[in-house]
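Report on one structure; see the data block that follows.
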Amino acid sequence: MNPIKSVCIAGAGAIGSLFAGHLGSAVDTRVLVRRQDHADRLNREGLRISGKSDLHTSVLASIDPAELDDVDLLIIATKAMAVEPVAKCIAGHFKRAVIMTVQNGLGCEDVVAQHGSWPMISSITFMSGVRHSDVHIEYELDTETWLGPWHQHRASMNFAEEVAELIRNSGLRARAFEDVRPAQWSKLLFNSVVNTIGAVTNLPHVKDFAKREKITDLGNLVAQMMDEGKAVARAQGIELYEDPWEMNVNAVNRGKTGEADYAHVFSMLNDVRAKCPTEVDWLTGAIVREAKKLGIAVPIHEVMYGLVKGIERAWELNDKSREERSAA
Amino acid sequence: MRICIVGCGAIGSLFAAHLAKLEEVEVWVFDLDSRHVDAINANGLRLSGESTVLSYPQARSNPADIPPCEFGIVATKSMHTRSAIENSAGIFEDAVVLTVQNGVGNEEIIAEFVPRVMRGTTFPAGHMVEPGHVAQDTGGKTWIGPFEAKPASPGEIETLASLLTKSGMETLAMEDARGAQWTKLIFNAATNPIGALTGLPHGVACDQPMLRKVISGLVAEGVAVAGALGITLDSDPDELVDHAREVAYMHKASMLQDVLAKRATEVAAINGGIVKFGQENGVPTPLNQMIWALIKGLEHSWTRED
């Protein structure tokens, strides 16, 4: 019998909803969201998952953690920049919970740990979903979530195994690791590079990312930037689980992405196209900060970080001039 | 004297319209845009903005319809240099041809087709208002001098400089025009793509410390390549960056304008030019190479739909 009887998911974007929609079929599941209308709709209509799964789950949703009672497991599934407000919101609540983070990038566990002494699980997920509405998510890529005890406020390995089993029983894929950092860093290095290059060039994950014939071929830049990241991982004593360059080559040659007319649109490129703040601070920015601490030069990361922050700055500028025009 | 302008966009039109005011010069225009050519032939070429000019050069879309000329001025976008000069070489069999284009590497291409070449750098800028009408946005000087491998004579350089100055485009004849050209090149290579990739006006980009550092890094590579070529720059491009921040804070670089209009940029002649001359002289230019690849990637994205 799985000891995890109740789960709360904080954040009901694509990833949070995939967790909530699946776990709701296996265990008492609550959802903590930011908007009251979102909570109301979830309580009224439940959560529908289409695509790789076909589920319709009822969930208890609220914007107030006090209304959700304590749980055994709390999964924070927001974007990286929302982890801080979530951690503030749940501080003093969910006293018996183990907290699992699933953000892209680095440092979200530390942010949570500043607001409570919960035991924690670090995780990364490779699954993806398309959000059709507040209550309907299409399960797109049915790839695994990898999780393991966070090396600082450690949950037990045993508990991590239970979490992985619960997730599997709910219809998603998961695997527990003693140390998830090698996998986390592999994905971090991969994402930090391909996401920023995609965001700046407006290119999805096309074959150009692995092409290295001419000096202007993007593959050279991808490879050089990944080498910088690998040096940072090495200096941290982290042996990567997968080589990010191979992840890149595999991704552009495999499945739908390998077809000429289809390529995966990175989340950061989606954000840039939608003019939403990106997760660059937790990806490329995190590597720049780690490198600085270690005294390692990462010039390409610095340029890409600066360019994406520049893109975000340009939206503010345009918003401001639009406001000024409409005021005048 | 006959002068033919090759490529009559905004810059070419500034030269053509000014020169055509002079009685002693017969100005011809070679441009592939038949609407612009027809408008010039029907109603003359008009400048507004910083200059008010209406003059009457003779424009043709077919270079075979243009008589041999003593001087040529190439003002196409740099990616069209080869096709433009290849097609019009018959006009310049015994001529001196000046380039006033962006970037570097245009002189070498032109020299494959004509006997004598001048390198030039021009600061005036403008934009096309409608066929036959260009607005001049900024004034400024033009520097011209010999292209070392196939040099124009000092007399020819003087002649063209004084004609241009007399026509209203202040032009300086130089013994060595590389300093002016590389100063502008390095400034453009460091600032244009940053605006193009982020969407930021020049001054705002300068105020982002991470981007200002990238700009300085790009400048340093360009300065190192110029040094290896033995070129003395006119001024410190990094100071020009700060100066431009003061006088053109909200200016959107021409490469950003190209990107917004999804037009091919001149990155190959600008950042690519610094990379190529760097390679030939053993100077590493990783930042310029990276920026070149990013702009190429961005241009490639416009051919996709997703």
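Just so we're on the same page: first chain in the structure tokens is A, next is B, and so on; residues restart at 1 for each chain, and ligands are numbered from 1 in the order they show up.
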
(message) So that I can check the surroundings of A:Thr216, please list as a ChimeraX atom specification every protein, DNA and RNA residue that reaches within 8 Å of it, counting only C-alpha atoms and ignoring chain neighbours fewer than 3 positions away.
(response) /A:220 /B:289-290,292-293,296

(request) Write out as a list in words every residue belonging to chain B that has an atom at most 6 Å from any atom of chain A, counting only C-alpha atoms. (result) Thr198, Gly199, Leu200, Met210, Leu211, Ala293, Leu294, Gly297, Leu298 and Ser301 of chain B

With N, CA and C atoms kept, could you save the residues just selected as a CSV table (one decimal), in the first residue's frame?
```
chain,number,residue,atom,x,y,z
B,198,THR,N,17.5,41.8,-30.3
B,198,THR,CA,16.7,42.1,-29.1
B,198,THR,C,15.5,43.0,-29.4
B,199,GLY,N,15.5,43.8,-30.4
B,199,GLY,CA,14.5,44.7,-30.7
B,199,GLY,C,14.7,46.0,-30.0
B,200,LEU,N,15.8,46.2,-29.3
B,200,LEU,CA,16.0,47.4,-28.5
B,200,LEU,C,16.6,48.5,-29.3
B,210,MET,N,24.6,43.8,-19.3
B,210,MET,CA,25.1,42.6,-20.0
B,210,MET,C,25.3,42.9,-21.5
B,211,LEU,N,24.4,43.7,-22.1
B,211,LEU,CA,24.5,43.9,-23.5
B,211,LEU,C,25.6,44.9,-23.8
B,293,ALA,N,26.1,33.9,-36.8
B,293,ALA,CA,25.3,32.7,-36.8
B,293,ALA,C,23.9,33.0,-36.3
B,294,LEU,N,23.7,33.8,-35.3
B,294,LEU,CA,22.4,34.0,-34.7
B,294,LEU,C,21.5,34.8,-35.7
B,297,GLY,N,20.5,32.5,-38.4
B,297,GLY,CA,19.4,31.7,-37.9
B,297,GLY,C,18.1,32.4,-37.9
B,298,LEU,N,18.1,33.7,-37.5
B,298,LEU,CA,16.9,34.5,-37.5
B,298,LEU,C,16.3,34.7,-38.9
B,301,SER,N,14.6,31.6,-40.0
B,301,SER,CA,13.3,31.4,-39.3
B,301,SER,C,12.2,32.0,-40.2
```

(message) Env of stretch 177-180 of chain B: 12 Å cut, atoms = only C-alpha atoms, seq-sep filter 6 positions within chain, self excluded. Answer as number ranges by chain.
(response) B: 98-100, 102-105, 107, 118-123, 141-148, 151, 157, 171, 186-187, 223, 226-227, 229-237

Filtering to N, CA and C atoms, could you give me those residues as an mmCIF file, in the first residue's frame?
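Here's the written file part-v4.cif:
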```cif
data_model
loop_
_atom_site.group_PDB
_atom_site.id
_atom_site.type_symbol
_atom_site.label_atom_id
_atom_site.label_comp_id
_atom_site.auth_asym_id
_atom_site.auth_seq_id
_atom_site.Cartn_x
_atom_site.Cartn_y
_atom_site.Cartn_z
ATOM 1 N N LEU B 98 33.593 53.417 -57.203
ATOM 2 C CA LEU B 98 33.598 53.668 -55.765
ATOM 3 C C LEU B 98 32.492 52.837 -55.119
ATOM 4 N N THR B 99 32.791 52.250 -53.981
ATOM 5 C CA THR B 99 31.711 51.648 -53.196
ATOM 6 C C THR B 99 31.442 52.508 -51.968
ATOM 7 N N VAL B 100 30.156 52.741 -51.728
ATOM 8 C CA VAL B 100 29.760 53.460 -50.505
ATOM 9 C C VAL B 100 28.866 52.540 -49.667
ATOM 10 N N ASN B 102 27.752 49.336 -47.015
ATOM 11 C CA ASN B 102 28.061 48.898 -45.658
ATOM 12 C C ASN B 102 29.023 47.721 -45.680
ATOM 13 N N GLY B 103 29.766 47.589 -44.600
ATOM 14 C CA GLY B 103 30.584 46.399 -44.409
ATOM 15 C C GLY B 103 31.909 46.464 -45.138
ATOM 16 N N VAL B 104 32.588 45.319 -45.162
ATOM 17 C CA VAL B 104 33.846 45.203 -45.888
ATOM 18 C C VAL B 104 33.735 44.024 -46.843
ATOM 19 N N GLY B 105 34.642 44.012 -47.826
ATOM 20 C CA GLY B 105 34.669 42.910 -48.782
ATOM 21 C C GLY B 105 34.041 43.272 -50.120
ATOM 22 N N GLU B 107 34.878 45.933 -52.015
ATOM 23 C CA GLU B 107 35.927 46.380 -52.929
ATOM 24 C C GLU B 107 36.537 45.190 -53.672
ATOM 25 N N MET B 118 37.709 52.445 -55.717
ATOM 26 C CA MET B 118 37.851 53.309 -54.537
ATOM 27 C C MET B 118 37.031 52.721 -53.403
ATOM 28 N N ARG B 119 37.608 52.789 -52.213
ATOM 29 C CA ARG B 119 36.789 52.420 -51.053
ATOM 30 C C ARG B 119 36.164 53.690 -50.470
ATOM 31 N N GLY B 120 34.979 53.558 -49.992
ATOM 32 C CA GLY B 120 34.310 54.740 -49.463
ATOM 33 C C GLY B 120 33.480 54.409 -48.241
ATOM 34 N N THR B 121 33.277 55.419 -47.438
ATOM 35 C CA THR B 121 32.418 55.276 -46.256
ATOM 36 C C THR B 121 31.535 56.494 -46.214
ATOM 37 N N THR B 122 30.258 56.280 -46.065
ATOM 38 C CA THR B 122 29.360 57.433 -46.097
ATOM 39 C C THR B 122 28.459 57.417 -44.877
ATOM 40 N N PHE B 123 28.200 58.598 -44.328
ATOM 41 C CA PHE B 123 27.354 58.677 -43.134
ATOM 42 C C PHE B 123 25.920 59.091 -43.392
ATOM 43 N N LYS B 141 29.440 63.295 -43.541
ATOM 44 C CA LYS B 141 30.504 63.286 -44.544
ATOM 45 C C LYS B 141 30.642 61.933 -45.216
ATOM 46 N N THR B 142 31.379 61.970 -46.306
ATOM 47 C CA THR B 142 31.770 60.749 -47.014
ATOM 48 C C THR B 142 33.288 60.789 -47.179
ATOM 49 N N TRP B 143 33.926 59.654 -46.936
ATOM 50 C CA TRP B 143 35.372 59.558 -47.075
ATOM 51 C C TRP B 143 35.670 58.606 -48.229
ATOM 52 N N ILE B 144 36.539 59.022 -49.159
ATOM 53 C CA ILE B 144 36.890 58.107 -50.245
ATOM 54 C C ILE B 144 38.401 58.033 -50.409
ATOM 55 N N GLY B 145 38.861 56.870 -50.823
ATOM 56 C CA GLY B 145 40.294 56.679 -51.011
ATOM 57 C C GLY B 145 40.528 55.467 -51.884
ATOM 58 N N PRO B 146 41.790 55.152 -52.170
ATOM 59 C CA PRO B 146 42.082 54.048 -53.090
ATOM 60 C C PRO B 146 41.785 52.689 -52.475
ATOM 61 N N PHE B 147 41.398 51.737 -53.309
ATOM 62 C CA PHE B 147 41.414 50.333 -52.898
ATOM 63 C C PHE B 147 42.792 49.812 -53.277
ATOM 64 N N GLU B 148 43.560 49.385 -52.293
ATOM 65 C CA GLU B 148 44.994 49.167 -52.434
ATOM 66 C C GLU B 148 45.361 48.210 -53.574
ATOM 67 N N PRO B 151 44.153 50.315 -57.203
ATOM 68 C CA PRO B 151 43.856 51.675 -56.738
ATOM 69 C C PRO B 151 43.416 52.632 -57.848
ATOM 70 N N ILE B 157 40.561 60.360 -57.391
ATOM 71 C CA ILE B 157 39.897 60.461 -56.087
ATOM 72 C C ILE B 157 39.544 61.921 -55.803
ATOM 73 N N THR B 171 32.611 65.517 -49.162
ATOM 74 C CA THR B 171 33.411 64.302 -49.342
ATOM 75 C C THR B 171 34.887 64.615 -49.187
ATOM 76 N N ILE B 186 33.249 48.629 -37.418
ATOM 77 C CA ILE B 186 33.302 48.070 -36.058
ATOM 78 C C ILE B 186 32.127 48.580 -35.231
ATOM 79 N N PHE B 187 31.821 49.863 -35.408
ATOM 80 C CA PHE B 187 30.644 50.417 -34.708
ATOM 81 C C PHE B 187 29.374 49.662 -35.122
ATOM 82 N N VAL B 223 38.576 45.831 -33.332
ATOM 83 C CA VAL B 223 39.784 46.651 -33.172
ATOM 84 C C VAL B 223 41.030 45.773 -33.346
ATOM 85 N N ALA B 226 41.448 45.091 -37.078
ATOM 86 C CA ALA B 226 41.955 46.307 -37.737
ATOM 87 C C ALA B 226 43.439 46.487 -37.428
ATOM 88 N N GLY B 227 43.821 46.232 -36.184
ATOM 89 C CA GLY B 227 45.228 46.352 -35.791
ATOM 90 C C GLY B 227 46.106 45.400 -36.589
ATOM 91 N N LEU B 229 45.562 44.308 -39.468
ATOM 92 C CA LEU B 229 45.616 44.764 -40.859
ATOM 93 C C LEU B 229 46.454 46.035 -40.996
ATOM 94 N N GLY B 230 46.929 46.574 -39.896
ATOM 95 C CA GLY B 230 47.719 47.797 -39.935
ATOM 96 C C GLY B 230 46.885 49.044 -40.167
ATOM 97 N N ILE B 231 45.626 49.000 -39.786
ATOM 98 C CA ILE B 231 44.722 50.131 -40.010
ATOM 99 C C ILE B 231 44.671 50.999 -38.752
ATOM 100 N N THR B 232 44.832 52.313 -38.940
ATOM 101 C CA THR B 232 44.664 53.241 -37.826
ATOM 102 C C THR B 232 43.234 53.757 -37.851
ATOM 103 N N LEU B 233 42.497 53.450 -36.805
ATOM 104 C CA LEU B 233 41.094 53.870 -36.769
ATOM 105 C C LEU B 233 40.994 55.381 -36.578
ATOM 106 N N ASP B 234 39.919 55.960 -37.123
ATOM 107 C CA ASP B 234 39.687 57.402 -36.992
ATOM 108 C C ASP B 234 39.398 57.790 -35.553
ATOM 109 N N SER B 235 38.650 56.908 -34.862
ATOM 110 C CA SER B 235 38.306 57.198 -33.473
ATOM 111 C C SER B 235 38.019 55.874 -32.784
ATOM 112 N N ASP B 236 37.881 55.929 -31.474
ATOM 113 C CA ASP B 236 37.633 54.719 -30.699
ATOM 114 C C ASP B 236 36.155 54.320 -30.859
ATOM 115 N N PRO B 237 35.888 53.170 -31.491
ATOM 116 C CA PRO B 237 34.479 52.801 -31.731
ATOM 117 C C PRO B 237 33.680 52.665 -30.429
#
```

(request) Mind the document's chain letters and residue numbers, and return as a PyMOL selection string the residues of stretch 102-245 of chain A that DSSP labels alpha helix (DSSP H). (result) chain A and resi 108-113+157-169+181-201+218-235+244-245

(request) Calculate how many Å separate atom CA of A:Arg234 from atom CA of A:Ser186, rounding to one decimal. (result)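 Computing it gives 11.5 Å between the two atoms.
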
(request) Skip B:Trp28 itself and residues of its chain fewer than 2 positions away, then list as an MDAnalysis selection string all residues within 8 Å of it, counting only C-alpha atoms. (result) chainID B and resid 2:5 16 26 30 57:60 66

(request) Please identify all polymer residues within 10 Å of stretch 114-124 of chain A, counting only C-alpha atoms, omitting same-chain residues fewer than 5 positions from it, and present them as a VMD selection string. (result) chain A and resid 73 to 75 84 86 to 105 108 to 109 144 to 157 159 to 160 163 174 to 177 179 to 181 183 to 185 187 to 188

Residue subset to file, keeping C-alpha atoms, as a tab-separated table (two decimals), in the first residue's frame:
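What ended up in result30.tsv:
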```tsv
chain	number	residue	atom	x	y	z
A	73	LEU	CA	3.00	15.25	-0.99
A	74	LEU	CA	2.99	18.76	-2.44
A	75	ILE	CA	4.19	19.12	-6.01
A	84	GLU	CA	8.94	32.21	-4.84
A	86	VAL	CA	4.10	29.89	-4.10
A	87	ALA	CA	6.68	29.19	-1.39
A	88	LYS	CA	5.59	32.37	0.44
A	89	CYS	CA	1.95	31.36	0.09
A	90	ILE	CA	2.45	27.85	1.51
A	91	ALA	CA	4.82	28.89	4.32
A	92	GLY	CA	3.34	27.65	7.60
A	93	HIS	CA	0.95	25.28	5.79
A	94	PHE	CA	1.29	21.65	4.66
A	95	LYS	CA	3.37	20.89	7.75
A	96	ARG	CA	3.63	17.16	7.20
A	97	ALA	CA	4.15	17.32	3.44
A	98	VAL	CA	7.16	16.38	1.41
A	99	ILE	CA	7.64	18.95	-1.32
A	100	MET	CA	8.62	18.05	-4.86
A	101	THR	CA	9.76	20.69	-7.37
A	102	VAL	CA	9.55	20.07	-11.14
A	103	GLN	CA	10.83	23.33	-12.60
A	104	ASN	CA	13.16	23.77	-15.49
A	105	GLY	CA	16.46	25.08	-14.34
A	108	CYS	CA	14.06	26.44	-7.22
A	109	GLU	CA	14.66	23.97	-4.38
A	144	GLU	CA	9.33	10.27	-17.89
A	145	THR	CA	9.63	12.40	-14.81
A	146	TRP	CA	12.86	11.75	-12.94
A	147	LEU	CA	12.97	12.40	-9.24
A	148	GLY	CA	15.14	11.88	-6.23
A	149	PRO	CA	15.81	13.20	-2.71
A	150	TRP	CA	17.10	16.80	-2.80
A	151	HIS	CA	20.68	16.74	-1.54
A	152	GLN	CA	20.00	19.40	1.12
A	153	HIS	CA	16.62	18.88	2.82
A	154	ARG	CA	16.51	15.22	1.91
A	155	ALA	CA	13.33	13.27	1.70
A	156	SER	CA	14.09	9.56	2.08
A	157	MET	CA	14.92	7.48	-0.97
A	159	PHE	CA	9.64	8.05	-0.09
A	160	ALA	CA	11.01	9.02	-3.49
A	163	VAL	CA	6.28	8.97	-5.26
A	174	ALA	CA	8.39	8.25	-13.56
A	175	ARG	CA	11.67	6.94	-12.22
A	176	ALA	CA	13.40	7.50	-8.89
A	177	PHE	CA	17.13	8.16	-8.60
A	179	ASP	CA	20.79	11.59	-6.98
A	180	VAL	CA	18.83	13.36	-9.67
A	181	ARG	CA	21.45	16.05	-10.23
A	183	ALA	CA	19.99	14.13	-15.01
A	184	GLN	CA	18.91	17.58	-13.86
A	185	TRP	CA	22.17	19.08	-15.05
A	187	LYS	CA	18.64	18.76	-19.01
A	188	LEU	CA	19.71	22.14	-17.65
```

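Pairwise distance (atom CA of A:Ser192, atom CA of A:Ala231) equals 13.9 Å.
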
(message) Measuring between only C-alpha atoms, which one of B:Gln279, B:Asn106, B:Ser78, B:Thr265 shows the shortest distance to B:Ala228?
(response)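 The answer is B:Gln279, which sits nearest to B:Ala228.
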
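Among the candidate residues A:Cys276, A:Ile296, A:Leu141, A:Val130, the one lying nearest to A:Met81 is A:Cys276, with distances computed using only C-alpha atoms.
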
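Counting only C-alpha atoms, the residue from B:Leu22, B:Val134, B:Cys206, B:Ala173 that sits nearest to B:Ala39 is B:Val134.
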
(message) So that I can check the surroundings of B:Glu112, please list as a PyMOL selection string every protein, DNA and RNA residue that reaches within 12 Å of it, counting only C-alpha atoms and ignoring chain neighbours fewer than 6 positions away.
(response) chain B and resi 81-83+85-86+89+92-93+97+105-106+149-150

(request) List the neighbours of A:Ser267 out to 9 Å using only C-alpha atoms; skip same-chain residues closer than 5 positions along the sequence, and give me the result as a count of residues only. (result) 5

(message) Please identify the strand (DSSP E) residues within stretch 74-306 of chain A (assignment by DSSP from backbone atoms) and present them as number ranges by chain.
(response) A: 74-76, 98-101, 120-125, 128-133, 136-141, 145-149, 174-176

Expected file contents, prior selection, C-alpha atoms, as a short mmCIF file (atom, residue, chain, number, x, y, z; two decimals), in the first residue's frame:
```
data_model
loop_
_atom_site.label_atom_id
_atom_site.label_comp_id
_atom_site.auth_asym_id
_atom_site.auth_seq_id
_atom_site.Cartn_x
_atom_site.Cartn_y
_atom_site.Cartn_z
CA LEU A 74 2.99 18.76 -2.44
CA ILE A 75 4.19 19.12 -6.01
CA ILE A 76 5.18 22.64 -7.04
CA VAL A 98 7.16 16.38 1.41
CA ILE A 99 7.64 18.95 -1.32
CA MET A 100 8.62 18.05 -4.86
CA THR A 101 9.76 20.69 -7.37
CA MET A 120 12.22 17.77 -0.46
CA ILE A 121 12.38 15.88 -3.69
CA SER A 122 14.06 17.33 -6.75
CA SER A 123 12.66 16.37 -10.09
CA ILE A 124 12.72 17.11 -13.76
CA THR A 125 10.08 16.17 -16.21
CA SER A 128 4.73 17.86 -22.17
CA GLY A 129 1.19 19.03 -22.58
CA VAL A 130 -0.77 21.56 -24.56
CA ARG A 131 -3.08 23.69 -22.49
CA HIS A 132 -6.40 24.08 -24.31
CA SER A 133 -8.18 25.80 -21.42
CA HIS A 136 -8.53 20.86 -20.49
CA ILE A 137 -4.98 19.76 -21.17
CA GLU A 138 -3.74 17.58 -23.99
CA TYR A 139 -1.08 15.08 -22.87
CA GLU A 140 1.48 15.38 -25.69
CA LEU A 141 4.84 13.75 -24.92
CA THR A 145 9.63 12.40 -14.81
CA TRP A 146 12.86 11.75 -12.94
CA LEU A 147 12.97 12.40 -9.24
CA GLY A 148 15.14 11.88 -6.23
CA PRO A 149 15.81 13.20 -2.71
CA ALA A 174 8.39 8.25 -13.56
CA ARG A 175 11.67 6.94 -12.22
CA ALA A 176 13.40 7.50 -8.89
#
```
